[in-house]
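Worksheet: the structure to be examined is printed underneath.
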Amino acid sequence: QVQLVESGGGLVQAGGSLRLSCAASGRTISGYPMGWFRQAPGKERDIVAAINWSGDNTYYADSVKGRFAISRDNAKNTVYLQMNSLKHEDTAVYYCALRRRTYSSTLNYYIRPDEYDHWGQGTQVTVSS
């Protein structure tokens, strides 16, 4: 069973940056698509960014394009989310997720929560305006 642990969240002023990490244990992340989601109070869990198994194909929500970057280091069993130019509306709990189910193409990434099988516990990101 794979365990995912997010870290790097915190309180930051608008315009600042944070780098989230998602460290996996129990199984290698190599070969598995992964994603970052976020959930604000009273709202649904939404995709932020997704990455295919090798890291050469990525997806970003429109709201974070040009500001956030997802990357992965399969050797370190870790996925990252670099967040720049943070805005108050980026405030949420951020979750990483891993898909263990089969996929049809090595280029595939996934953007719906129900397409993932394993989740971390989340890390709070608060952006003060």
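Residues in the structure tokens are named by chain (A, B, ... in the order shown) and by number from 1 within that chain; ligands are numbered from 1 in the order shown.
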
Just asking: which residues within segment 88-125 of chain A are strand (DSSP E) according to DSSP, as a VMD selection string?
-> chain A and resid 92 to 98 118 to 119 123 to 125

Counting only C-alpha atoms, the option among A:Gly26, A:Pro33, A:Gly66, A:Pro41 closest to Leu107 of chain A |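 Among the listed residues, the smallest separation from Leu107 of chain A belongs to A:Pro33.
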
Of the candidates A:Tyr103, A:Tyr32, A:Phe68, A:Phe37, which one gets nearest to Ser17 of chain A if we count only C-alpha atoms?
->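 So, comparing all the options, the nearest one is A:Phe68.
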
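Nearest to Tyr110 of chain A of all the residues A:Ala40, A:Ala97, A:Ala69, A:Val5 is A:Ala97, based on only C-alpha atoms.
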
Spatial neighbours of Gln13 of chain A, 12 Å, only C-alpha atoms, chain gap at least 2 places, as a list in words = Gly10, Leu11, Gly15, Gly16, Ser17, Leu18, Asn84, Ser85, Leu86, Lys87, His88, Glu89, Asp90, Thr91, Val125, Thr126, Val127, Ser128 and Ser129 of chain A

Please give the complete set of residues from chain A that DSSP, run on the backbone, assigns to helix (DSSP H, G or I), formatted as a short mmCIF file (atom, residue, chain, number, x, y, z; two decimals) with N, CA and C atoms, in the first residue's frame.
```
data_model
loop_
_atom_site.label_atom_id
_atom_site.label_comp_id
_atom_site.auth_asym_id
_atom_site.auth_seq_id
_atom_site.Cartn_x
_atom_site.Cartn_y
_atom_site.Cartn_z
N ASP A 62 -6.86 26.38 -15.42
CA ASP A 62 -6.70 27.73 -15.98
C ASP A 62 -6.30 28.74 -14.92
N SER A 63 -6.81 28.56 -13.73
CA SER A 63 -6.58 29.53 -12.66
C SER A 63 -5.13 29.59 -12.19
N VAL A 64 -4.33 28.56 -12.52
CA VAL A 64 -2.95 28.53 -12.03
C VAL A 64 -1.93 28.51 -13.16
N HIS A 88 -4.87 35.36 -2.92
CA HIS A 88 -5.72 34.98 -1.80
C HIS A 88 -6.61 33.80 -2.17
N GLU A 89 -7.08 33.78 -3.40
CA GLU A 89 -7.98 32.71 -3.83
C GLU A 89 -7.29 31.36 -3.99
N ASP A 90 -5.98 31.31 -3.82
CA ASP A 90 -5.27 30.03 -3.81
C ASP A 90 -5.34 29.36 -2.45
N PRO A 113 -11.04 13.72 -9.43
CA PRO A 113 -10.67 13.02 -8.18
C PRO A 113 -10.96 11.52 -8.25
N ASP A 114 -12.05 11.12 -8.93
CA ASP A 114 -12.40 9.70 -8.94
C ASP A 114 -11.49 8.87 -9.84
N GLU A 115 -10.55 9.52 -10.51
CA GLU A 115 -9.59 8.79 -11.34
C GLU A 115 -8.34 8.41 -10.56
#
```

Find, counting only C-alpha atoms, the residue in A:Gly31, A:Asp73, A:Gly122, A:Asn57 that gets nearest to Arg101 of chain A.
->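 Looking only at the distances to Arg101 of chain A, the closest residue turns out to be A:Gly31.
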
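Taking atom CA of Gln1 of chain A as the reference point, atom CA of Ile70 of chain A is found at 23.7 Å.
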
Within 7 Å of Asp117 of chain A using only C-alpha atoms, minus same-chain residues under 3 positions, as a PyMOL selection string | chain A and resi 98-100

With C-alpha atoms retained, write the just-selected residues as a PDB file, in the first residue's frame.
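Once written, again20.pdb looks like this:
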```pdb
ATOM      1  CA  LEU A  98      -1.634   8.807  -7.244  1.00  0.00           C
ATOM      2  CA  ARG A  99      -3.383   6.644  -9.807  1.00  0.00           C
ATOM      3  CA  ARG A 100      -2.597   2.944  -9.614  1.00  0.00           C
TER       4      ARG A 100
END
```

Closest of A:Thr106, A:Ser54, A:Gln82, A:Ser7 to Cys22 of chain A, counting only C-alpha atoms, is A:Ser7

Quick one: pull the distance between atom CA of Arg67 of chain A and atom CA of Met83 of chain A, Å, one decimal.
-> 6.1 Å

With a distance cut-off of 6 Å and only C-alpha atoms, select the neighbouring residues of Val79 of chain A, excluding the residue or stretch itself and same-chain residues fewer than 5 positions from it, and output the selection as a PyMOL selection string.
-> chain A and resi 21-22+71-72

Could you please take those selected residues and save N, CA, C and O atoms as a short mmCIF file (atom, residue, chain, number, x, y, z; two decimals), in the first residue's frame?
```cif
data_model
loop_
_atom_site.label_atom_id
_atom_site.label_comp_id
_atom_site.auth_asym_id
_atom_site.auth_seq_id
_atom_site.Cartn_x
_atom_site.Cartn_y
_atom_site.Cartn_z
N SER A 21 5.68 19.55 -1.47
CA SER A 21 6.26 18.25 -1.80
C SER A 21 5.28 17.17 -1.41
O SER A 21 4.54 17.30 -0.43
N CYS A 22 5.30 16.09 -2.15
CA CYS A 22 4.49 14.91 -1.85
C CYS A 22 5.42 13.71 -1.90
O CYS A 22 5.83 13.29 -2.98
N SER A 71 6.10 18.95 -10.98
CA SER A 71 7.24 18.16 -11.44
C SER A 71 7.33 16.91 -10.58
O SER A 71 6.69 16.81 -9.53
N ARG A 72 8.14 15.97 -11.03
CA ARG A 72 8.31 14.74 -10.26
C ARG A 72 9.74 14.27 -10.36
O ARG A 72 10.42 14.47 -11.38
#
```

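Of the residues under consideration (A:Gln3, A:Thr28, A:Thr78, A:Thr58), A:Thr58 shows the shortest atom-to-atom contact distance to Asn108 of chain A when counting only C-alpha atoms.
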